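Text of the file structure.cif, holding mmCIF, C-alpha atoms:
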```
data_upload
#
loop_
_atom_site.label_atom_id
_atom_site.label_comp_id
_atom_site.auth_asym_id
_atom_site.auth_seq_id
_atom_site.Cartn_x
_atom_site.Cartn_y
_atom_site.Cartn_z
CA MET A 15 -10.35 12.24 -11.81
CA VAL A 16 -9.67 11.12 -8.23
CA ARG A 17 -6.12 9.90 -7.64
CA PRO A 18 -5.90 6.41 -6.12
CA LYS A 19 -4.53 6.20 -2.60
CA PHE A 20 -1.21 4.41 -2.26
CA PHE A 21 -0.09 2.37 0.72
CA THR A 22 3.28 1.10 1.89
CA PRO A 23 3.69 -2.62 2.73
CA SER A 24 4.17 -1.66 6.39
CA GLU A 25 0.80 0.12 6.40
CA VAL A 26 -0.88 -3.00 5.03
CA ALA A 27 0.95 -5.16 7.60
CA ALA A 28 -0.53 -3.08 10.43
CA HIS A 29 -4.01 -4.46 9.61
CA ASN A 30 -3.34 -8.04 10.64
CA THR A 31 -6.28 -9.24 12.73
CA ALA A 32 -9.56 -10.89 11.80
CA ALA A 33 -11.43 -7.76 12.90
CA ASP A 34 -9.15 -5.46 10.89
CA LEU A 35 -7.79 -7.46 7.98
CA TRP A 36 -6.04 -6.08 4.93
CA VAL A 37 -4.14 -7.91 2.22
CA SER A 38 -2.41 -6.85 -0.97
CA PHE A 39 -2.26 -8.71 -4.25
CA LEU A 40 -1.44 -7.84 -7.86
CA GLY A 41 -0.81 -4.23 -6.84
CA LYS A 42 -4.17 -3.78 -5.08
CA VAL A 43 -4.81 -3.24 -1.37
CA CYS A 44 -8.05 -4.70 -0.04
CA ASP A 45 -9.82 -4.43 3.30
CA LEU A 46 -11.35 -7.86 3.85
CA SER A 47 -12.77 -7.07 7.30
CA PRO A 48 -16.35 -7.04 5.89
CA LEU A 49 -15.68 -10.46 4.36
CA MET A 50 -14.65 -11.73 7.79
CA SER A 51 -17.89 -10.43 9.27
CA ARG A 52 -20.02 -11.84 6.47
CA TYR A 53 -18.58 -15.36 6.72
CA GLY A 54 -17.66 -15.36 10.42
CA GLY A 55 -16.82 -18.84 11.68
CA ASP A 56 -16.39 -20.38 8.21
CA ALA A 57 -13.32 -22.65 8.08
CA LEU A 58 -12.60 -21.37 4.55
CA LEU A 59 -11.57 -18.05 6.09
CA LEU A 60 -8.52 -19.63 7.73
CA PRO A 61 -6.03 -19.20 4.82
CA ILE A 62 -7.01 -15.51 4.59
CA VAL A 63 -6.73 -14.94 8.35
CA GLU A 64 -3.29 -16.58 8.34
CA SER A 65 -2.23 -14.15 5.61
CA ALA A 66 -3.61 -11.01 7.28
CA GLY A 67 -1.47 -7.96 6.52
CA LYS A 68 0.57 -9.79 3.87
CA ASP A 69 0.92 -9.79 0.10
CA ILE A 70 -0.86 -12.78 -1.44
CA SER A 71 -0.06 -12.16 -5.10
CA SER A 72 1.28 -15.72 -5.35
CA TRP A 73 -2.32 -16.96 -5.08
CA PHE A 74 -3.30 -15.32 -8.36
CA ASP A 75 -2.46 -15.41 -12.06
CA PRO A 76 -1.41 -11.90 -13.17
CA GLN A 77 -2.82 -12.52 -16.66
CA THR A 78 -6.30 -13.73 -15.72
CA GLN A 79 -6.50 -11.86 -12.39
CA ASP A 80 -8.02 -15.08 -11.06
CA VAL A 81 -6.85 -17.78 -8.65
CA ARG A 82 -4.03 -19.86 -10.12
CA THR A 83 -4.97 -23.20 -11.65
CA TYR A 84 -3.23 -26.46 -12.46
CA VAL A 85 -4.08 -29.71 -14.21
CA ASP A 86 -4.77 -32.52 -11.75
CA PRO A 87 -2.56 -35.42 -12.90
CA GLY A 88 -5.08 -37.95 -11.57
CA SER A 89 -8.21 -36.63 -13.24
CA SER A 90 -6.66 -34.43 -15.96
CA CYS A 91 -9.10 -31.73 -14.83
CA VAL A 92 -8.23 -28.10 -14.22
CA ARG A 93 -8.25 -27.31 -10.51
CA TYR A 94 -7.67 -24.16 -8.49
CA TYR A 95 -4.18 -24.09 -6.96
CA THR A 96 -4.59 -23.35 -3.25
CA PRO A 97 -1.59 -24.85 -1.40
CA ARG A 98 -2.59 -23.08 1.84
CA GLY A 99 -6.05 -24.63 1.61
CA ARG A 100 -9.23 -23.72 -0.23
CA PHE A 101 -10.58 -20.31 0.75
CA ILE A 102 -13.83 -18.36 0.52
CA HIS A 103 -15.40 -18.23 -3.00
CA VAL A 104 -13.11 -20.93 -4.41
CA PRO A 105 -15.33 -23.80 -5.59
CA PRO A 106 -14.67 -27.34 -4.35
CA ALA A 107 -12.82 -29.82 -6.54
CA GLY A 108 -15.96 -31.81 -7.31
CA PRO A 109 -19.74 -31.38 -7.26
CA ARG A 110 -21.04 -30.51 -3.79
CA SER A 111 -24.61 -29.91 -2.66
CA ASP A 112 -23.52 -27.77 0.28
CA TRP A 113 -21.66 -25.10 -1.72
CA ALA A 114 -23.57 -21.96 -2.65
CA SER A 115 -22.37 -20.19 -5.78
CA ASP A 116 -24.82 -17.27 -5.66
CA PHE A 117 -22.43 -14.88 -3.87
CA GLY A 118 -21.90 -12.70 -6.96
CA GLU A 119 -18.35 -11.57 -7.72
CA PRO A 120 -15.63 -13.46 -5.82
CA TRP A 121 -13.94 -11.22 -3.29
CA TRP A 122 -10.72 -10.91 -5.29
CA ARG A 123 -12.69 -9.36 -8.18
CA ASP A 124 -15.05 -7.27 -6.06
CA GLN A 125 -13.88 -3.65 -6.17
CA ASN A 126 -15.89 -2.83 -3.07
CA TYR A 127 -13.10 -4.36 -0.99
CA GLN A 128 -10.34 -2.33 -2.64
CA VAL A 129 -9.09 0.63 -0.62
CA GLY A 130 -6.12 1.62 -2.77
CA LEU A 131 -2.94 0.49 -4.47
CA LEU A 132 0.29 -0.95 -3.13
CA SER A 133 3.30 1.24 -3.78
CA THR A 134 5.77 -0.27 -6.22
CA LYS A 135 8.59 1.58 -4.47
CA THR A 136 8.70 3.28 -1.08
CA ARG A 137 11.36 5.71 0.05
CA TRP A 138 12.38 7.53 3.21
CA ILE A 139 12.65 11.28 3.60
CA ARG A 140 13.51 13.63 6.46
CA VAL A 141 11.07 16.48 7.04
CA ILE A 142 12.81 19.25 8.98
CA ASN A 143 10.88 22.16 10.49
CA THR A 144 13.31 25.09 10.23
CA LEU A 145 11.25 27.07 12.76
CA THR A 146 11.47 24.50 15.57
CA SER A 147 14.40 22.35 14.30
CA GLN A 148 12.22 19.27 14.76
CA GLU A 149 12.93 16.43 12.35
CA GLN A 150 10.64 13.59 11.34
CA ARG A 151 11.53 10.57 9.21
CA LEU A 152 8.71 9.48 6.90
CA GLU A 153 8.32 6.41 4.72
CA VAL A 154 6.38 7.54 1.66
CA CYS A 155 5.22 6.06 -1.63
CA SER A 156 7.15 7.08 -4.75
CA GLU A 157 3.81 7.59 -6.53
CA GLU A 158 2.59 10.16 -4.01
CA THR A 159 2.53 13.89 -4.66
CA LEU A 160 3.88 16.32 -2.08
CA GLU A 161 0.27 17.06 -1.11
CA ASP A 162 -0.17 13.36 -0.33
CA ILE A 163 2.99 13.48 1.76
CA VAL A 164 1.64 16.51 3.62
CA GLN A 165 -1.33 14.34 4.60
CA ARG A 166 1.08 11.84 6.13
CA TYR A 167 2.97 14.58 7.97
CA LEU A 168 -0.11 16.31 9.45
CA ARG A 169 -0.10 13.90 12.39
CA TYR A 170 3.23 15.42 13.47
CA ASN A 171 2.41 19.04 12.59
CA ALA A 172 -1.21 20.07 12.15
CA HIS A 173 -0.06 23.37 10.61
CA ALA A 174 2.06 21.76 7.88
CA ARG A 175 0.22 23.70 5.18
CA SER A 176 1.39 26.96 6.73
CA TYR A 177 4.91 26.18 5.56
CA THR A 178 6.73 26.36 2.24
CA TRP A 179 8.28 22.99 1.46
CA LYS A 180 11.76 23.21 -0.05
CA HIS A 181 14.57 20.92 -1.16
CA ASP A 182 18.04 22.04 -2.09
CA GLY A 183 16.93 25.66 -1.87
CA ARG A 184 13.99 25.24 -4.28
CA SER A 185 10.31 25.45 -3.44
CA LEU A 186 8.52 22.20 -4.24
CA ASP A 187 5.44 21.88 -6.44
CA MET A 188 2.90 20.20 -4.16
CA SER A 189 1.08 18.63 -7.13
CA TRP A 190 4.22 16.74 -8.22
CA THR A 191 5.93 13.66 -6.83
CA LEU A 192 9.33 13.80 -5.16
CA SER A 193 11.04 12.59 -8.34
CA GLU A 194 9.18 15.12 -10.47
CA ASN A 195 10.44 17.79 -8.06
CA GLY A 196 14.03 16.64 -8.56
CA VAL A 197 14.34 14.87 -5.19
CA VAL A 198 16.44 11.97 -6.44
CA ASP A 199 15.82 8.44 -5.16
CA GLY A 200 19.33 7.09 -4.75
CA ASP A 201 18.44 3.82 -3.02
CA ALA A 202 19.64 1.60 -5.89
CA GLU A 203 22.98 3.41 -6.18
CA LEU A 204 23.50 3.40 -2.43
CA GLU A 205 22.78 -0.32 -2.30
CA GLU A 206 25.23 -0.95 -5.11
CA LEU A 207 27.90 1.04 -3.25
CA ARG A 208 26.94 -0.68 0.03
CA LEU A 209 26.35 2.64 1.72
CA ASP A 210 23.91 3.19 4.58
CA ARG A 211 20.70 4.66 3.15
CA ASP A 212 19.90 6.28 6.50
CA ALA A 213 22.99 8.45 6.17
CA PHE A 214 21.84 9.80 2.79
CA THR A 215 18.11 10.28 3.35
CA PRO A 216 16.90 13.36 1.39
CA ALA A 217 15.86 16.31 3.56
CA ILE A 218 12.76 18.41 2.95
CA LEU A 219 12.92 21.76 4.72
CA LEU A 220 9.78 23.49 5.99
CA HIS A 221 9.87 27.29 6.11
CA PHE A 222 7.11 28.97 8.07
CA ASN A 223 5.06 31.44 6.01
CA ASP A 224 4.90 34.37 8.42
CA ASP A 225 5.30 37.82 6.89
CA LEU A 226 6.42 40.12 9.75
CA THR A 227 6.87 43.20 7.58
CA GLU A 228 4.73 46.20 8.48
CA GLY A 229 2.34 47.67 5.91
#
```

Show the structure stored in the file as C-alpha cells.
Amino acid sequence: MVRPKFFTPSEVAAHNTAADLWVSFLGKVCDLSPLMSRYGGDALLLPIVESAGKDISSWFDPQTQDVRTYVDPGSSCVRYYTPRGRFIHVPPAGPRSDWASDFGEPWWRDQNYQVGLLSTKTRWIRVINTLTSQEQRLEVCSEETLEDIVQRYLRYNAHARSYTWKHDGRSLDMSWTLSENGVVDGDAELEELRLDRDAFTPAILLHFNDDLTEG
C-alpha cells in the first residue's frame, strides 16, 4: 500500500499563483492548476485565486465533505454558504439557463486534484553531517518516516543514503517516524515554559558509511 505524501503548510503556500495553484482543506492538499486552465477567464475562479496557497477548510462542512450551507431567512431555502463569493461548481441560488451542471464531480470531491495530505503537526530538526560538520535545519511532517525525511534532505546532500542516521547515539529505523524512533517532539512543553524552540531543536547526526579497514 502506497503511503500518502504529506506536505507542510509552507509548502502549500509556495504554490500561490493562478498558473501554479494549491490549496488545502479538510486535511487534503489539492493542485487546482488544471482547474484554472480548464475554466480560464471564468469570474467564478476569483475566490479560489484569492485563496491560492491557503487552507480553505472553512468553506466546507467536515461531516458532509461538501460546501457549507445555510437556510436563507428570506426564502427559507437551503443555500450554499460562500461569503467570499460563489466559486466554480457551486450552483447558483436560483434556476439559471446559463449554468452547466454536466461537469461530473465537483472539484472538491474529485480525487484527481489531490496530491497528498496536509500535516497535522510539523516540527523542525537539525541534520548534522559529522563528516563535513555541515548543518541543515529542516521543517518536516510528524507523519513522515525517516526515509521521507531523507527525500527532503537529498537536495542538500545527494549522498544522504550513504550515511547512517543517528540520534542520541542510536541508529534510526528509516521506516519509522521521528517519534517512533524516540526523537521526542517537545514543542508543546517548550511553549508552555516559554522557551525558544530553536535552542532545543533535536539533532540528527549523519555518519558516513566508509569502511577503511583492509581485508

So which one's closest to Gln79 (chain A), A:Lys42, A:Arg110, A:Arg93, A:Lys180? Using only C-alpha atoms, please.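 Between A:Lys42, A:Arg110, A:Arg93, A:Lys180, the residue approaching Gln79 (chain A) most closely is A:Lys42.
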
Restricting to only C-alpha atoms, whichever of A:Ala27, A:Thr136, A:Ile102, A:Ala213 is closest to Gly55 (chain A) is A:Ile102

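Put simply, the PyMOL selection byres ((chain A and resi 194-197) around 10) on this file hits Ile139, Thr159, Leu160, Lys180, His181, Asp182, Arg184, Ser185, Leu186, Asp187, Met188, Ser189, Trp190, Thr191, Leu192, Ser193, Val198, Asp199, Gly200, Pro216, Ala217 and Ile218 of chain A.
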
Residue by residue, what does the PyMOL selection byres ((chain A and resi 19) around 12) grab here? Present the result as a PyMOL selection string. chain A and resi 16-18+20-22+41-44+128-133+154-159+161-163+165-166

Kindly provide, as AutoDock Vina command-line options, the centre and edge lengths (Å, one decimal) of an axis-aligned box around all atoms of region 25-35 of chain A given in the file, with 3 Å on each side.
```
--center_x -5.2 --center_y -5.4 --center_z 9.0 --size_x 18.4 --size_y 17.0 --size_z 13.9
```

Please list as a list in words every residue within 10 Å of Arg100 (chain A), counting all atoms listed in the file and excluding residues in the same chain fewer than 6 positions away.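 Counting all atoms listed in the file, the residues come to Ala57, Leu58, Leu59, Leu60, Pro61, Ile62, Tyr94, Pro106 and Ala107 of chain A.
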
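Counting only C-alpha atoms, the residue from A:Ser51, A:Thr83, A:Ser65, A:Asn223 that sits nearest to Asn30 (chain A) is A:Ser65.
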
All residues 12 Å or closer to Trp122 (chain A), only C-alpha atoms, same chain fewer than 3 positions away omitted, as a PyMOL selection string: chain A and resi 37-40+42-46+49+62+70-71+73-75+78-81+101-104+118-119+125-128

Quick check, in Å to one decimal: how far apart do CA of Asn143 (chain A) and CA of Tyr167 (chain A) lie?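 Distance reported for this atom pair: 11.2 Å.
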
Given all atoms listed in the file as the counted atoms, nearest of A:Val141, A:Glu153, A:Arg123, A:Pro48 to Glu25 (chain A):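 With all atoms listed in the file as the atom set, the closest residue is A:Glu153.
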
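The gap separating CA of Leu35 (chain A) from CA of Val63 (chain A) is 7.6 Å, in Å to one decimal.
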
Hey, can you check how far CA of Tyr95 (chain A) sits from CA of Lys68 (chain A)? 18.6 Å

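By chain and then residue number, the residues within 10 Å of Ser176 (chain A) are Asn171, Ala172, His173, Trp179, Leu220, His221, Phe222, Asn223 and Asp224 of chain A, counting only C-alpha atoms and disregarding those fewer than 3 positions away in sequence.
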
Can you spit out the residues from that selection as an mmCIF file, in the frame of the given file, using C-alpha atoms?
```cif
data_model
loop_
_atom_site.group_PDB
_atom_site.id
_atom_site.type_symbol
_atom_site.label_atom_id
_atom_site.label_comp_id
_atom_site.auth_asym_id
_atom_site.auth_seq_id
_atom_site.Cartn_x
_atom_site.Cartn_y
_atom_site.Cartn_z
ATOM 1 C CA ASN A 171 2.410 19.040 12.590
ATOM 2 C CA ALA A 172 -1.210 20.070 12.150
ATOM 3 C CA HIS A 173 -0.060 23.370 10.610
ATOM 4 C CA TRP A 179 8.280 22.990 1.460
ATOM 5 C CA LEU A 220 9.780 23.490 5.990
ATOM 6 C CA HIS A 221 9.870 27.290 6.110
ATOM 7 C CA PHE A 222 7.110 28.970 8.070
ATOM 8 C CA ASN A 223 5.060 31.440 6.010
ATOM 9 C CA ASP A 224 4.900 34.370 8.420
#
```

Here is a test: counting only C-alpha atoms, which residue of A:Asp69, A:Glu206, A:Pro23, A:Leu219 is nearest to Leu145 (chain A)?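 That would be A:Leu219, the residue with the smallest distance to Leu145 (chain A).
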